[in-house]
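Student: Sharing a structure, written as structure tokens. Questions coming.
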Amino acid sequence: MRTSKEDFDRLFASAGAARENACAFYSKFKVGAAVLTNNGDIYSGCNIESSSYGLTMCAERNALAGALCAGEREFKAILITADTPGPVSPCGACRQLLYDYAPDIEVIMTNVKGSSAAEDISELLKYPFGLSKLK
Ligand code: THU
């Protein structure tokens with residue numbers, strides 16, 4: 001893992017606290033995420049579900065969106081947590097958005113008990129589509 005133990009602990013605490021706010025009325029599957037900027041600031045998010053299921057927003061994308069809305073553009077790491085047997089893995093849509101805005105980000109997958117695995121987004125999204133392909 002490229003992220004320091006100190007930053008891991010901060011991210012894990014932040015994502016865990018955000019997970020408590022998850023609006024997972026339909027799936028009951030609560031997810032928390034926290035993104036770390038190059039300046040050391042942390043923005044967190046949880047999943048928000050809709051009665052129109054397809055409108056559901058994942059925790060990772062909400063954390064990233066919060067940071068982007070605050071004007072942040074440089075990211076080091078994102079940590080995701082859920083009550084899964086092993087580390088929870090980000091969905092494909094979140095991988096795409098992370099790659100779009102943070103192509104060098106480290107993705108730290110955890111469960112609430114603290115099991116963890118980490119990969120760069122480039123490992124999680126092979127042969128990515130991105131801005132360069134639109135040119
Ligand atoms: N979910 C996330 O928040 N992040 C992921 O990467 C996987 C899925 C949420 C969406 C939905 O609210 C619930 O988990 C079940 O899919």
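FYI, nothing fancy with the structure tokens labels: chains A, B, ... in order, residues from 1 per chain, ligands from 1 as they appear.
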Residues at most 9 Å from Val35 in chain A, counting only C-alpha atoms, excluding those fewer than 5 positions away in the same chain, as a ChimeraX atom specification?
Tutor: /A:11,15,41-45,60,63-64,67,75-80
Student: From the DSSP assignment of the backbone, select every residue of chain A that is strand (DSSP E or B), and format the answer as a PyMOL selection string.
Tutor: chain A and resi 23+31-37+42-46+48+57+75-82+106-111+116-120
Student: Step by step, measure atom-to-atom distances between ligand 1 and each residue using only C-alpha atoms and all ligand atoms, keep those at most 10 Å, then write them as a count of residues only.
Tutor: 41
Student: If you measure from CA of Ala117 in chain A to CA of Gly66 in chain A, what distance in Å do you get, rounded to one decimal?
Tutor: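 The value is 24.1 Å.
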Student: Would you list the contacts of Leu131 in chain A as a list in words, taking every protein, DNA or RNA residue within 12 Å and counting only C-alpha atoms, but skipping same-chain residues closer than 4 positions in sequence?
Tutor: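 Within the cut-off, the hits are Gln96, Leu97, Tyr99, Asp100, Tyr101, Pro103 and Lys135 of chain A.
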Student: Taking only C-alpha atoms into account, which of A:Pro128, A:Gly86, A:Gly16, A:Gly40 comes nearest Ser4 in chain A?
Tutor: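 Closest to Ser4 in chain A of all the choices is A:Gly40.
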Student: Between A:Met1, A:Ala13, A:Leu98, A:Leu68, which one has atoms that come closest to Asn111 in chain A, using only C-alpha atoms?
Tutor: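 Looking at the shortest contact to Asn111 in chain A, the residue is A:Ala13.
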Student: Set the distance at 12 Å and use only C-alpha atoms: which residues neighbour Arg2 in chain A once local chain neighbours fewer than 4 positions away are removed? I'd like the list as a PDB file with N, CA and C atoms, in the first residue's frame.
Tutor:
```
ATOM      1  N   GLU A   6      -0.816   6.268   8.935  1.00  0.00           N
ATOM      2  CA  GLU A   6      -1.544   7.396   9.541  1.00  0.00           C
ATOM      3  C   GLU A   6      -2.716   7.824   8.650  1.00  0.00           C
ATOM      4  N   ASP A   7      -2.458   7.948   7.342  1.00  0.00           N
ATOM      5  CA  ASP A   7      -3.541   8.338   6.434  1.00  0.00           C
ATOM      6  C   ASP A   7      -4.583   7.229   6.308  1.00  0.00           C
ATOM      7  N   PHE A   8      -4.126   5.972   6.314  1.00  0.00           N
ATOM      8  CA  PHE A   8      -5.082   4.857   6.287  1.00  0.00           C
ATOM      9  C   PHE A   8      -6.035   4.974   7.477  1.00  0.00           C
ATOM     10  N   LYS A  76      -4.893  11.555  -3.802  1.00  0.00           N
ATOM     11  CA  LYS A  76      -3.903  10.514  -3.488  1.00  0.00           C
ATOM     12  C   LYS A  76      -4.535   9.131  -3.361  1.00  0.00           C
ATOM     13  N   ALA A  77      -5.636   9.076  -2.612  1.00  0.00           N
ATOM     14  CA  ALA A  77      -6.194   7.764  -2.273  1.00  0.00           C
ATOM     15  C   ALA A  77      -7.685   7.878  -1.974  1.00  0.00           C
ATOM     16  N   ILE A  78      -8.365   6.749  -2.166  1.00  0.00           N
ATOM     17  CA  ILE A  78      -9.759   6.657  -1.712  1.00  0.00           C
ATOM     18  C   ILE A  78      -9.900   5.335  -0.972  1.00  0.00           C
ATOM     19  N   ASP A 104      -4.315   8.526 -11.103  1.00  0.00           N
ATOM     20  CA  ASP A 104      -3.213   7.921 -10.335  1.00  0.00           C
ATOM     21  C   ASP A 104      -3.631   7.534  -8.918  1.00  0.00           C
ATOM     22  N   ILE A 105      -4.896   7.551  -8.632  1.00  0.00           N
ATOM     23  CA  ILE A 105      -5.346   7.344  -7.250  1.00  0.00           C
ATOM     24  C   ILE A 105      -5.138   5.892  -6.803  1.00  0.00           C
ATOM     25  N   GLU A 106      -4.814   5.731  -5.527  1.00  0.00           N
ATOM     26  CA  GLU A 106      -4.762   4.390  -4.928  1.00  0.00           C
ATOM     27  C   GLU A 106      -6.137   4.084  -4.331  1.00  0.00           C
ATOM     28  N   VAL A 107      -6.658   2.918  -4.658  1.00  0.00           N
ATOM     29  CA  VAL A 107      -7.979   2.518  -4.170  1.00  0.00           C
ATOM     30  C   VAL A 107      -7.790   1.501  -3.050  1.00  0.00           C
ATOM     31  N   ILE A 108      -8.194   1.889  -1.853  1.00  0.00           N
ATOM     32  CA  ILE A 108      -8.040   1.006  -0.691  1.00  0.00           C
ATOM     33  C   ILE A 108      -9.396   0.400  -0.364  1.00  0.00           C
ATOM     34  N   ALA A 117      -7.219  -4.335   1.126  1.00  0.00           N
ATOM     35  CA  ALA A 117      -6.428  -4.621  -0.066  1.00  0.00           C
ATOM     36  C   ALA A 117      -6.340  -3.303  -0.816  1.00  0.00           C
ATOM     37  N   ALA A 118      -5.233  -3.081  -1.501  1.00  0.00           N
ATOM     38  CA  ALA A 118      -5.076  -1.809  -2.210  1.00  0.00           C
ATOM     39  C   ALA A 118      -4.535  -2.045  -3.610  1.00  0.00           C
ATOM     40  N   GLU A 119      -5.079  -1.286  -4.559  1.00  0.00           N
ATOM     41  CA  GLU A 119      -4.622  -1.342  -5.957  1.00  0.00           C
ATOM     42  C   GLU A 119      -4.712   0.064  -6.533  1.00  0.00           C
ATOM     43  N   ASP A 120      -3.844   0.359  -7.470  1.00  0.00           N
ATOM     44  CA  ASP A 120      -4.001   1.612  -8.209  1.00  0.00           C
ATOM     45  C   ASP A 120      -5.212   1.481  -9.128  1.00  0.00           C
TER      46      ASP A 120
END
```
Student: Can you work out which one of A:Thr3, A:Ser132, A:Thr84, A:Ser14 has the shortest atom-to-atom distance to Ala34 in chain A, counting only C-alpha atoms?
Tutor: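 Checking each candidate against Ala34 in chain A, we get A:Ser14 as the closest.
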Student: As a PyMOL selection string, which residues of chain A does DSSP assign to helix (DSSP H, G or I)?
Tutor: chain A and resi 5-19+53-55+59-69+92-101+121-124+131-134
Student: Can you work out the spacing between CA of Glu74 in chain A and CA of Leu36 in chain A in Å, to one decimal?
Tutor: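 Between CA of Glu74 in chain A and CA of Leu36 in chain A the gap is 8.8 Å.
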Student: Which residue, A:Lys133, A:Leu125, A:Gly71, A:Asp83, has the smallest gap to Thr110 in chain A when you use only C-alpha atoms?
Tutor: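 Once distances to Thr110 in chain A are computed over only C-alpha atoms, the minimum belongs to A:Asp83.
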Student: Suppose you want the space between CA of Ser52 in chain A and CA of Ala65 in chain A; what is it in Å?
Tutor: 20.8 Å
Student: Measuring atom to atom with only C-alpha atoms, identify which of A:Leu134, A:Asn38, A:Ala102, A:Asp9 is nearest to Ser122 in chain A.
Tutor: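 Ranked by minimum distance to Ser122 in chain A, first place goes to A:Ala102.
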